[in-house]
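Peer 1: Sharing a structure below in structure tokens format, with a few things to ask.
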Amino acid sequence: MSTDDAHDPKFGEYGGQYVPEALMPAIEELADAYGRYVLENEDGFMDEFRERLADFGGRPTPLQYAEQLSARYDTDVYLKREDLLHGGAHKLNNALGQVLLAKYMGKERIIAETGAGQHGTATAMAAAHLDMPCEIYMGETDIARQRPNVFRMKINGAEVNPVTVGRGTLKEAISETMRDWATTVENTHYVIGSIVGPHPFPKMVRDFQAVISEEAREQAIEETGGLPDSVVACAGGGSNTMGAFAEFVGDSSVDLVAVEAGGSSLTVDEAKGVAPNSATLSTGDEGVLHGARTKLLQDSDGQIMESHSVSAGLDYAGVGPELAHLVDEGRVTPANVDDEAALEAFHRLSQDEGVIPALETAHAFGYLERVAGTATDGRAAEPRDEHHDELGDTVVVNVSGRGDKDLETVIEETSKRDLSIAPDMSILNRVGGGGI
Amino acid sequence: MSTDDAHDPKFGEYGGQYVPEALMPAIEELADAYGRYVLENEDGFMDEFRERLADFGGRPTPLQYAEQLSARYDTDVYLKREDLLHGGAHKLNNALGQVLLAKYMGKERIIAETGAGQHGTATAMAAAHLDMPCEIYMGETDIARQRPNVFRMKINGAEVNPVTVGRGTLKEAISETMRDWATTVENTHYVIGSIVGPHPFPKMVRDFQAVISEEAREQAIEETGGLPDSVVACAGGGSNTMGAFAEFVGDSSVDLVAVEAGGSSLTVDEAKGVAPNSATLSTGDEGVLHGARTKLLQDSDGQIMESHSVSAGLDYAGVGPELAHLVDEGRVTPANVDDEAALEAFHRLSQDEGVIPALETAHAFGYLERVAGTATDGRAAEPRDEHHDELGDTVVVNVSGRGDKDLETVIEETSKRDLSIAPDMSILNRVGGGGI
Amino acid sequence: MGLERAFADEPAFVPYLAAGDPNYEDSLAYVEALAEGGADVIELGLPFSEPIAEGKTIQDAIVRSLESGMTPDRFFEFVEDLDVDVPLVCMTYYNLIYQYGSEEGPRPFVEKAADVGIEGFVVPDLPAEEAGPLREACDEFGLDLVFIVAPTTRGERLERMMEQVSGYVYVQARLGVTGARDDVDDATEDSLARLSDWDVPKAVGFGIKTGDHAEEIVASGADGVIVGSALVDIVAEGYERGDPTGEIADELEQLARELKQGALRGAQNRPQPERT
Amino acid sequence: MGLERAFADEPAFVPYLAAGDPNYEDSLAYVEALAEGGADVIELGLPFSEPIAEGKTIQDAIVRSLESGMTPDRFFEFVEDLDVDVPLVCMTYYNLIYQYGSEEGPRPFVEKAADVGIEGFVVPDLPAEEAGPLREACDEFGLDLVFIVAPTTRGERLERMMEQVSGYVYVQARLGVTGARDDVDDATEDSLARLSDWDVPKAVGFGIKTGDHAEEIVASGADGVIVGSALVDIVAEGYERGDPTGEIADELEQLARELKQGALRGAQNRPQPERT
Ligand SMILES: Cc1ncc(COP(=O)(O)O)c(C=O)c1O
Ligand SMILES: Cc1ncc(COP(=O)(O)O)c(C=O)c1O
């Protein structure tokens, strides 16, 4: 990263600052602070950030050799264990960075949007840790379906503001948080949750998340003696993705694969404005959303579509402009994995490796299965030959988060399908009791 | 630890091997394996264990300076972050060690008991990781009130066997697992969940957990230039406790405080055989339970009492024989914190430090508040003068686990009380939806 | 010449409504009522699914309009169907402008807008930095591009905007999003002072509700008042109550008249306006 | 001398019931019925709250007994109230023995047991290694201490047990916990072979249900059969059905008779027992 980054809002054609005038001074101030504190380590900002990531966040996270998956795919599979980060997902890297930056900037209040609640909980934790008042906007629908995360935010002392407009999901929560910010820019920092939004957010969030690939690259060299052949990460907005890719972008031998949510189908319903997926990189087109030009799921008029995925954290109609750019450049390969394959991968990783991944993360493992698994659904796989083309001999998969938050969804969605890999959950009916 | 440990089943008067004859060969075989693999690192067992703890478990865990608590108590408070271990609690240290040992011993099947479900989930994860079939015994009552952990075990591929005898809680699950073991000793290893049970379990579990204090001792010296003045840990069976104490036992300048569950009261109801607490070290007497002589909650006849605590993981009528011994020797100070003070401490740590502790862990922080906090319930505390006698200038608190599993309990128990520190949870009523 | 003419003789009253709120037919009647009530320019909202700059009132209007089937093409039809003799400005978000037509970029949208008689644009999520292509297209088809000046806009950014603005400048009376409020903010006077040497009319908006507000705003130096949420409220409340279209239209016309009168009163109290 | 006498002349039938199951009075009748049916020794269970060595049948019996108020003191009363002329063995867990009386250790319990006429103990959670203090107290008061030999007990451990055992040795017929089963395990013969040079009677238990089982066991060299769960089942089922006490007692007596007869038959089929 160079300090020019602070003043260049674009990634090729993508990015920019498409925001209401009232926000422009705030994002200019932020771009300036990003340049000084993040890029130039003014006042030792980055040192403090890294130290807190270690002591409070639990970094470095391990790069774990996955024995069972490696045997199954006849390829060395390494897991970058962001699920072990405090809060249970990579989200804290960014949240801690931004809340600390807000503190350096003299802001007195933190706001953030959240969809699945992962970014909200990470922000609430970081704000509590750094003693900053914090308000989280969350759609009413999401509040109802992500209650444990609502509890966690409240318990960390954050206010949770329900957003009642529209469908009451992430899209609406982002818009609402921008509205709050437009009113309160002077003392408030808006902690955006992924590499989306107006410049400098996409670059800044990437830089905070880049610690993932900094560590993984070093660990891979140390453990395997060289660079991996490919790095695979799921992509919603794309922050864990760019975090996992950033330090490898310059290594042309390393394939970078961004796996999006294929949902139930790639076919959109234009009339209803609904995409039953969130495969923005593979199926979206260029447009402007939430402050940036990027790839979007939109109808032919340019109205944003409802996206859909079994995993709430991938359920977003946009994607980070940098990823859109890297896909256009051919540096990043977009892929998508549908709900069912993600659920299967969720169960496979849980049973074979003892790591329960977030449903978001499970998409990345669904990709492994597709390109290197067998056609049959037996657990003892006969690896196909061609897979080395796709994964190479060593693949790093970013385990962006843990699946505790998804248990209820997984059980419900699994029960709707006939997955031979799914465990028998009937004990929970035999022995009574309430909800999760 | 010395190799004599493998053959000495006692801690002073405590410990021993009070088990049915059918189990004796199994625990003798285990004591032998403990001596060879754990104490003498035969076949590099301990090296592999430590490596897996790092790569799979996420060790080392940080020793974090707690800024807000340090200010509040006018003492440097450090958090040993076992909550960041894979699975969310210290339990994995032991589970991984035992499942790996079972593998070295050529066993083919893992069984374990669980109460709150933490040890069961840790064992299920370790067994999945090491590709061992695994069955977990769990009381019916606990299954109904700890559903997320039941889900996690099932999802990791374990069988969960409901125990319907008696109250259907931990006590009964331990007895039932011992019965299974008595039938299957030849190919099965019983992974006990704390420093309880017959020799060699108390020593072996301690040794697997001792990594906590090995790290913490080094980290404390590195970060503060010396040893802490005190180490505080909660105690149920006492595994996180002895794990946090083990390497400090020889440091006579370091006070060791084991904080048990004071429950709702320290007064027992002899007629009903019920103790409304689990304060075994402070209020129990010597007896024999689950294979060991130790301190117990029992009536005057010697029948075991029902213990009670808001935190399921402390809710056990016994305690590790080594802790009982160290308390009698005066090396460990027993303390207890009641349900209400634990709940308050839970909220305080969550709000002030951004770390949501397990309810078990919260008891350790309740102790800090009692000896060093203010009498008033205002958040800006005026530290009392005497507290330096109790904690000294530097205190390490073992954060044995994270509180995600406890959200529902905390909300319910908080709503029954008038705690000024509790967040307003009414949003969850305003915005509809099901259980957690 | 362009929208400036609407501000030339007297303080302008610039109302906003979302086209198609709550449906196509009624909305035609409401917009026409504003013209009847004395509108000098009408800002017509083309609803976008993510209106990040709007308060709850206008968000709700946008939802009603979208649900009744509003699209860019319907919007252009709407403009054609309107029977008003007042300059029209299209207020929308950039993605709709950018996506329109087969060719990439804003040109097809602007061409079509010009074709149906739109005279200018307000695009709240398009700051001057990103406005190049739209400015060009507007120049090509002779349309105005209105920018919003916020209370926080200063220095360089103000200058960049001054270079590109035409028609009028939209002075945002306070931080935040659109929505009717009960007071008039000091920020307005400060902003007007910062813009005093611009030779483009200054219309003040955000939160203006009554004739007295309008009077006060104009008295402090504005060339016009922009009123949105207060009018949308009338549509929303009438719609909720199920009032007949005519009644709602009358109410709108009445408030429009009050606002226009207020603006006119304000002009009389103005501290010596220098007329050119 | 002591319990051995019960095995001296013919194979012994050793039934088990939990004292106080399902209540004090009925339980007296049931134990007496066993004596009527031909019991040579009776193992009387004093229920402990954590019976780790018992299967579900006996666990349930223990719960019934505890719920009807059984305690160590009531147990001693129970023994005094029993009208039987058969040696009694107390089967319980070590904590109850350890806690009894004011003085620490097993002595007060043993003294009291001797006082009411108990002649020996079986303590499933007390292996030979931990039995020193209890053995001493038993010696002091002239009681026997029975140990359980498991199919897995071998070598050193077997020797340590041999040094301490008296009365009879309880040969566990299979791995696992108590509970009636339908087959007779090979492990029994192996165990009996391992113990062939012990000069204490060998009673085989765990899973014996019928006269034919008993016959088979004795035929393979056992000096006696221990039967628990099969008898407890009769108590449990009768209790569930609400049968009159007399009927249940009759059933117990009948099964006792069958088992005793089976044992006697077994002795006749024995491969040349060398009598001393
Ligand atoms: C665990 C996890 N992974 C991935 C994502 C997707 O976000 P991003 O694409 O920004 O990494 C989320 C979002 O909530 C998440 O919680
Ligand atoms: C987080 C946590 N802490 C503490 C305990 C108590 O166990 P121990 O005393 O063995 O550490 C438990 C038991 O479940 C636990 O989950």
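How things are named: the first chain in the structure tokens is A, the next is B, and so on; residues count from 1 in each chain; ligands count from 1 in the order shown.
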Identify all residues of range 190-289 of chain B in strand (DSSP E or B) (DSSP on the backbone) and supply them as JSON, numbers by chain.
Peer 2: {"B": [190, 230, 231, 232, 233, 234, 255, 256, 257, 258, 259, 260, 261, 262, 263, 269, 274, 285, 286, 287, 288, 289]}
Peer 1: Print the selection's residues with N, CA and C atoms to a file, as a short mmCIF file (atom, residue, chain, number, x, y, z; two decimals), in the first residue's frame.
Peer 2:
data_model
loop_
_atom_site.label_atom_id
_atom_site.label_comp_id
_atom_site.auth_asym_id
_atom_site.auth_seq_id
_atom_site.Cartn_x
_atom_site.Cartn_y
_atom_site.Cartn_z
N TYR B 190 -12.54 -43.00 28.07
CA TYR B 190 -13.47 -42.05 28.66
C TYR B 190 -12.72 -40.74 28.91
N SER B 230 -1.28 -12.11 42.22
CA SER B 230 -2.32 -13.11 42.45
C SER B 230 -2.86 -13.62 41.12
N VAL B 231 -3.38 -14.83 41.17
CA VAL B 231 -4.05 -15.44 40.03
C VAL B 231 -5.43 -15.87 40.51
N VAL B 232 -6.45 -15.46 39.76
CA VAL B 232 -7.82 -15.74 40.17
C VAL B 232 -8.50 -16.56 39.07
N ALA B 233 -9.15 -17.64 39.45
CA ALA B 233 -9.88 -18.45 38.48
C ALA B 233 -11.12 -19.01 39.13
N CYS B 234 -12.16 -19.20 38.33
CA CYS B 234 -13.36 -19.86 38.85
C CYS B 234 -13.08 -21.35 39.01
N ASP B 255 -0.45 -15.31 45.15
CA ASP B 255 -1.68 -15.81 45.77
C ASP B 255 -2.55 -16.48 44.71
N LEU B 256 -3.10 -17.60 45.07
CA LEU B 256 -3.97 -18.33 44.14
C LEU B 256 -5.38 -18.38 44.73
N VAL B 257 -6.34 -17.86 43.97
CA VAL B 257 -7.70 -17.79 44.49
C VAL B 257 -8.65 -18.58 43.59
N ALA B 258 -9.31 -19.56 44.18
CA ALA B 258 -10.29 -20.38 43.44
C ALA B 258 -11.69 -19.91 43.82
N VAL B 259 -12.43 -19.41 42.82
CA VAL B 259 -13.73 -18.81 43.11
C VAL B 259 -14.84 -19.77 42.69
N GLU B 260 -15.59 -20.22 43.66
CA GLU B 260 -16.68 -21.15 43.39
C GLU B 260 -18.02 -20.41 43.32
N ALA B 261 -19.03 -21.18 42.92
CA ALA B 261 -20.36 -20.61 42.79
C ALA B 261 -21.04 -20.55 44.15
N GLY B 262 -21.32 -19.34 44.60
CA GLY B 262 -22.08 -19.16 45.84
C GLY B 262 -23.57 -19.39 45.64
N GLY B 263 -23.99 -19.50 44.38
CA GLY B 263 -25.40 -19.76 44.09
C GLY B 263 -26.29 -18.69 44.67
N ASP B 269 -30.15 -27.17 52.42
CA ASP B 269 -31.39 -27.77 52.91
C ASP B 269 -31.13 -29.26 53.05
N VAL B 274 -30.44 -30.62 49.20
CA VAL B 274 -30.17 -29.61 48.18
C VAL B 274 -29.26 -28.53 48.75
N ASP B 285 -17.42 -31.19 52.79
CA ASP B 285 -16.46 -31.99 53.56
C ASP B 285 -16.00 -33.18 52.75
N GLU B 286 -14.96 -33.77 53.31
CA GLU B 286 -14.30 -34.89 52.68
C GLU B 286 -15.27 -36.05 52.44
N GLY B 287 -15.09 -36.71 51.30
CA GLY B 287 -15.90 -37.88 51.01
C GLY B 287 -15.39 -38.50 49.73
N VAL B 288 -16.14 -39.46 49.21
CA VAL B 288 -15.72 -40.16 48.00
C VAL B 288 -16.81 -40.01 46.94
N LEU B 289 -16.43 -39.49 45.81
CA LEU B 289 -17.39 -39.32 44.71
C LEU B 289 -16.70 -39.53 43.38
#
Peer 1: Pick out the residues no farther than 6 Å from ligand 2, counting only C-alpha atoms and all ligand atoms, and list them as a ChimeraX atom specification.
Peer 2: /B:89,116,118,194,235-241,313-314,358,360-361,400-401
Peer 1: Name all residues at most 10 Å from Pro151 in chain C (count only C-alpha atoms; drop same-chain ones fewer than 4 positions away) and give them as number ranges by chain.
Peer 2: A: 21-22; C: 171-176, 186-192, 194
Peer 1: Restricting the output to N, CA and C atoms, write the selected residues as a JSON list (two decimals), in the first residue's frame.
Peer 2:
[["chain", "number", "residue", "atom", "x", "y", "z"],
["A", 21, "GLU", "N", -23.71, 15.24, -0.50],
["A", 21, "GLU", "CA", -22.76, 16.32, -0.24],
["A", 21, "GLU", "C", -22.44, 16.45, 1.25],
["A", 22, "ALA", "N", -23.44, 16.25, 2.09],
["A", 22, "ALA", "CA", -23.23, 16.44, 3.52],
["A", 22, "ALA", "C", -22.17, 15.49, 4.06],
["C", 171, "VAL", "N", -29.34, 24.89, -1.46],
["C", 171, "VAL", "CA", -28.65, 25.11, -0.20],
["C", 171, "VAL", "C", -29.32, 24.27, 0.89],
["C", 172, "GLN", "N", -28.57, 23.35, 1.39],
["C", 172, "GLN", "CA", -29.12, 22.45, 2.41],
["C", 172, "GLN", "C", -29.11, 23.17, 3.75],
["C", 173, "ALA", "N", -30.28, 23.33, 4.32],
["C", 173, "ALA", "CA", -30.43, 24.21, 5.48],
["C", 173, "ALA", "C", -29.81, 23.64, 6.74],
["C", 174, "ARG", "N", -29.62, 22.35, 6.77],
["C", 174, "ARG", "CA", -29.03, 21.75, 7.98],
["C", 174, "ARG", "C", -28.41, 20.42, 7.60],
["C", 175, "LEU", "N", -27.60, 19.88, 8.52],
["C", 175, "LEU", "CA", -27.05, 18.54, 8.30],
["C", 175, "LEU", "C", -28.18, 17.53, 8.35],
["C", 176, "GLY", "N", -27.94, 16.41, 7.72],
["C", 176, "GLY", "CA", -28.92, 15.35, 7.82],
["C", 176, "GLY", "C", -29.61, 15.11, 6.51],
["C", 186, "ASP", "N", -29.64, 28.11, 11.92],
["C", 186, "ASP", "CA", -28.63, 29.15, 11.70],
["C", 186, "ASP", "C", -27.73, 28.84, 10.52],
["C", 187, "ALA", "N", -27.51, 27.51, 10.30],
["C", 187, "ALA", "CA", -26.60, 27.09, 9.24],
["C", 187, "ALA", "C", -26.98, 27.75, 7.91],
["C", 188, "THR", "N", -28.27, 28.01, 7.74],
["C", 188, "THR", "CA", -28.72, 28.60, 6.49],
["C", 188, "THR", "C", -28.04, 29.93, 6.22],
["C", 189, "GLU", "N", -28.07, 30.80, 7.21],
["C", 189, "GLU", "CA", -27.46, 32.12, 7.00],
["C", 189, "GLU", "C", -25.98, 32.00, 6.69],
["C", 190, "ASP", "N", -25.32, 31.12, 7.43],
["C", 190, "ASP", "CA", -23.89, 30.91, 7.18],
["C", 190, "ASP", "C", -23.65, 30.46, 5.75],
["C", 191, "SER", "N", -24.46, 29.49, 5.31],
["C", 191, "SER", "CA", -24.26, 28.96, 3.96],
["C", 191, "SER", "C", -24.50, 30.05, 2.93],
["C", 192, "LEU", "N", -25.56, 30.81, 3.12],
["C", 192, "LEU", "CA", -25.86, 31.87, 2.16],
["C", 192, "LEU", "C", -24.72, 32.88, 2.11],
["C", 194, "ARG", "N", -21.57, 32.22, 2.64],
["C", 194, "ARG", "CA", -20.46, 31.61, 1.89],
["C", 194, "ARG", "C", -20.67, 31.66, 0.39]]
Peer 1: If you run DSSP on the backbone, which residues of range 80-258 of chain A are helix (DSSP H, G or I), as an MDAnalysis selection string?
Peer 2: chainID A and resid 82:84 91:104 118:129 140:145 147:155 170:184 201:209 211:224 239:248
Peer 1: Hey, what's within 9 Å of range 316-319 of chain B if we count only C-alpha atoms and toss same-chain stuff fewer than 5 positions away? As number ranges by chain, please?
Peer 2: B: 115, 170-171, 194-196, 235-238, 275, 277-281, 284, 289-290, 294-298, 304-309, 324
Peer 1: Output as CSV one row per residue of chain D within 6 Å of chain B: the closest atom pair and its distance in Å to one decimal place, counting only C-alpha atoms, sorted by chain and residue number ascending.
Peer 2:
residue,atom,partner,partner_atom,distance
D:Ser49,CA,B:Gln303,CA,5.7
D:Ile52,CA,B:Ser175,CA,4.8
D:Asn95,CA,B:Val288,CA,5.1
D:Leu96,CA,B:Gly302,CA,5.0
D:Gln99,CA,B:Gly302,CA,5.4
D:Pro124,CA,B:Pro20,CA,5.2
D:Asp125,CA,B:Val19,CA,4.3
D:Leu126,CA,B:Tyr18,CA,5.2
D:Ala150,CA,B:Ala22,CA,5.1
D:Leu175,CA,B:Thr183,CA,4.7
D:Gly176,CA,B:Thr183,CA,3.6
Peer 1: Could you take the residues named above and write them with N, CA, C and O atoms, as an mmCIF file, in the first residue's frame?
Peer 2:
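Below you can see selection_12.cif, which holds the result:
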data_model
loop_
_atom_site.group_PDB
_atom_site.id
_atom_site.type_symbol
_atom_site.label_atom_id
_atom_site.label_comp_id
_atom_site.auth_asym_id
_atom_site.auth_seq_id
_atom_site.Cartn_x
_atom_site.Cartn_y
_atom_site.Cartn_z
ATOM 1 N N SER D 49 -26.692 -42.282 46.497
ATOM 2 C CA SER D 49 -27.230 -41.399 45.452
ATOM 3 C C SER D 49 -26.501 -41.511 44.106
ATOM 4 O O SER D 49 -27.062 -41.141 43.085
ATOM 5 N N ILE D 52 -22.549 -45.782 40.744
ATOM 6 C CA ILE D 52 -21.883 -45.840 39.436
ATOM 7 C C ILE D 52 -21.717 -47.249 38.887
ATOM 8 O O ILE D 52 -21.438 -47.412 37.715
ATOM 9 N N ASN D 95 -18.742 -44.039 50.228
ATOM 10 C CA ASN D 95 -18.957 -42.766 50.923
ATOM 11 C C ASN D 95 -19.899 -42.900 52.116
ATOM 12 O O ASN D 95 -19.721 -42.237 53.132
ATOM 13 N N LEU D 96 -20.912 -43.769 51.976
ATOM 14 C CA LEU D 96 -21.851 -43.931 53.096
ATOM 15 C C LEU D 96 -21.167 -44.601 54.285
ATOM 16 O O LEU D 96 -21.441 -44.267 55.443
ATOM 17 N N GLN D 99 -18.710 -41.916 55.865
ATOM 18 C CA GLN D 99 -19.277 -40.768 56.568
ATOM 19 C C GLN D 99 -19.978 -41.114 57.873
ATOM 20 O O GLN D 99 -20.250 -40.241 58.697
ATOM 21 N N PRO D 124 -18.810 -51.839 45.816
ATOM 22 C CA PRO D 124 -18.362 -51.883 44.411
ATOM 23 C C PRO D 124 -17.356 -50.800 44.053
ATOM 24 O O PRO D 124 -16.601 -50.988 43.112
ATOM 25 N N ASP D 125 -17.348 -49.665 44.735
ATOM 26 C CA ASP D 125 -16.392 -48.631 44.339
ATOM 27 C C ASP D 125 -15.160 -48.615 45.243
ATOM 28 O O ASP D 125 -14.426 -47.636 45.268
ATOM 29 N N LEU D 126 -14.924 -49.737 45.945
ATOM 30 C CA LEU D 126 -13.753 -49.785 46.815
ATOM 31 C C LEU D 126 -12.820 -50.901 46.352
ATOM 32 O O LEU D 126 -12.969 -52.053 46.743
ATOM 33 N N ALA D 150 -13.357 -58.853 38.271
ATOM 34 C CA ALA D 150 -13.911 -58.594 36.948
ATOM 35 C C ALA D 150 -13.241 -59.482 35.915
ATOM 36 O O ALA D 150 -12.167 -60.036 36.179
ATOM 37 N N LEU D 175 -18.190 -57.914 31.553
ATOM 38 C CA LEU D 175 -17.911 -56.487 31.721
ATOM 39 C C LEU D 175 -19.230 -55.745 31.846
ATOM 40 O O LEU D 175 -20.268 -56.232 31.421
ATOM 41 N N GLY D 176 -19.154 -54.587 32.418
ATOM 42 C CA GLY D 176 -20.354 -53.774 32.449
ATOM 43 C C GLY D 176 -20.913 -53.677 33.840
ATOM 44 O O GLY D 176 -20.222 -53.870 34.829
#
Peer 1: Which chain B residues are at most 8 Å from chain A (counting only C-alpha atoms), as a ChimeraX atom specification?
Peer 2: /B:54-56,58,61-65,84-86,124-131,140,143-148,151-152,154-157,160,162,347,350-356,404,407,422-425,427-428,431-436
Peer 1: So which residues touch Ala113 in chain D within 12 Å, counting only C-alpha atoms, skipping near sequence neighbours fewer than 4 positions away, as an MDAnalysis selection string?
Peer 2: chainID D and resid 44 46 72:80 88:91 97 100:101 106:109 117:121 137:138 141:144
Peer 1: Could you jot down the CA of Leu100 in chain A to CA of Ala362 in chain B separation for me, Å, one decimal place?
Peer 2: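 CA of Ala362 in chain B lies 26.7 Å from CA of Leu100 in chain A.
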Peer 1: Please identify all polymer residues within 8 Å of Leu28 in chain D, counting only C-alpha atoms, omitting same-chain residues fewer than 4 positions from it, and present them as a VMD selection string.
Peer 2: chain D and resid 19 to 20 24 32 78 81 to 82
Peer 1: Please compute the CA of Val211 in chain B-CA of Thr224 in chain B distance, one decimal, in Å.
Peer 2: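 Taking CA of Val211 in chain B as the start and CA of Thr224 in chain B as the end point, the length is 19.4 Å.
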Peer 1: Looking at A:Leu69, A:Ile212, A:Ile221, A:Val395, which one is nearest to ligand 1, with distances taken over only C-alpha atoms and all ligand atoms?
Peer 2: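 With only C-alpha atoms and all ligand atoms as the atom set, the closest residue is A:Ile212.
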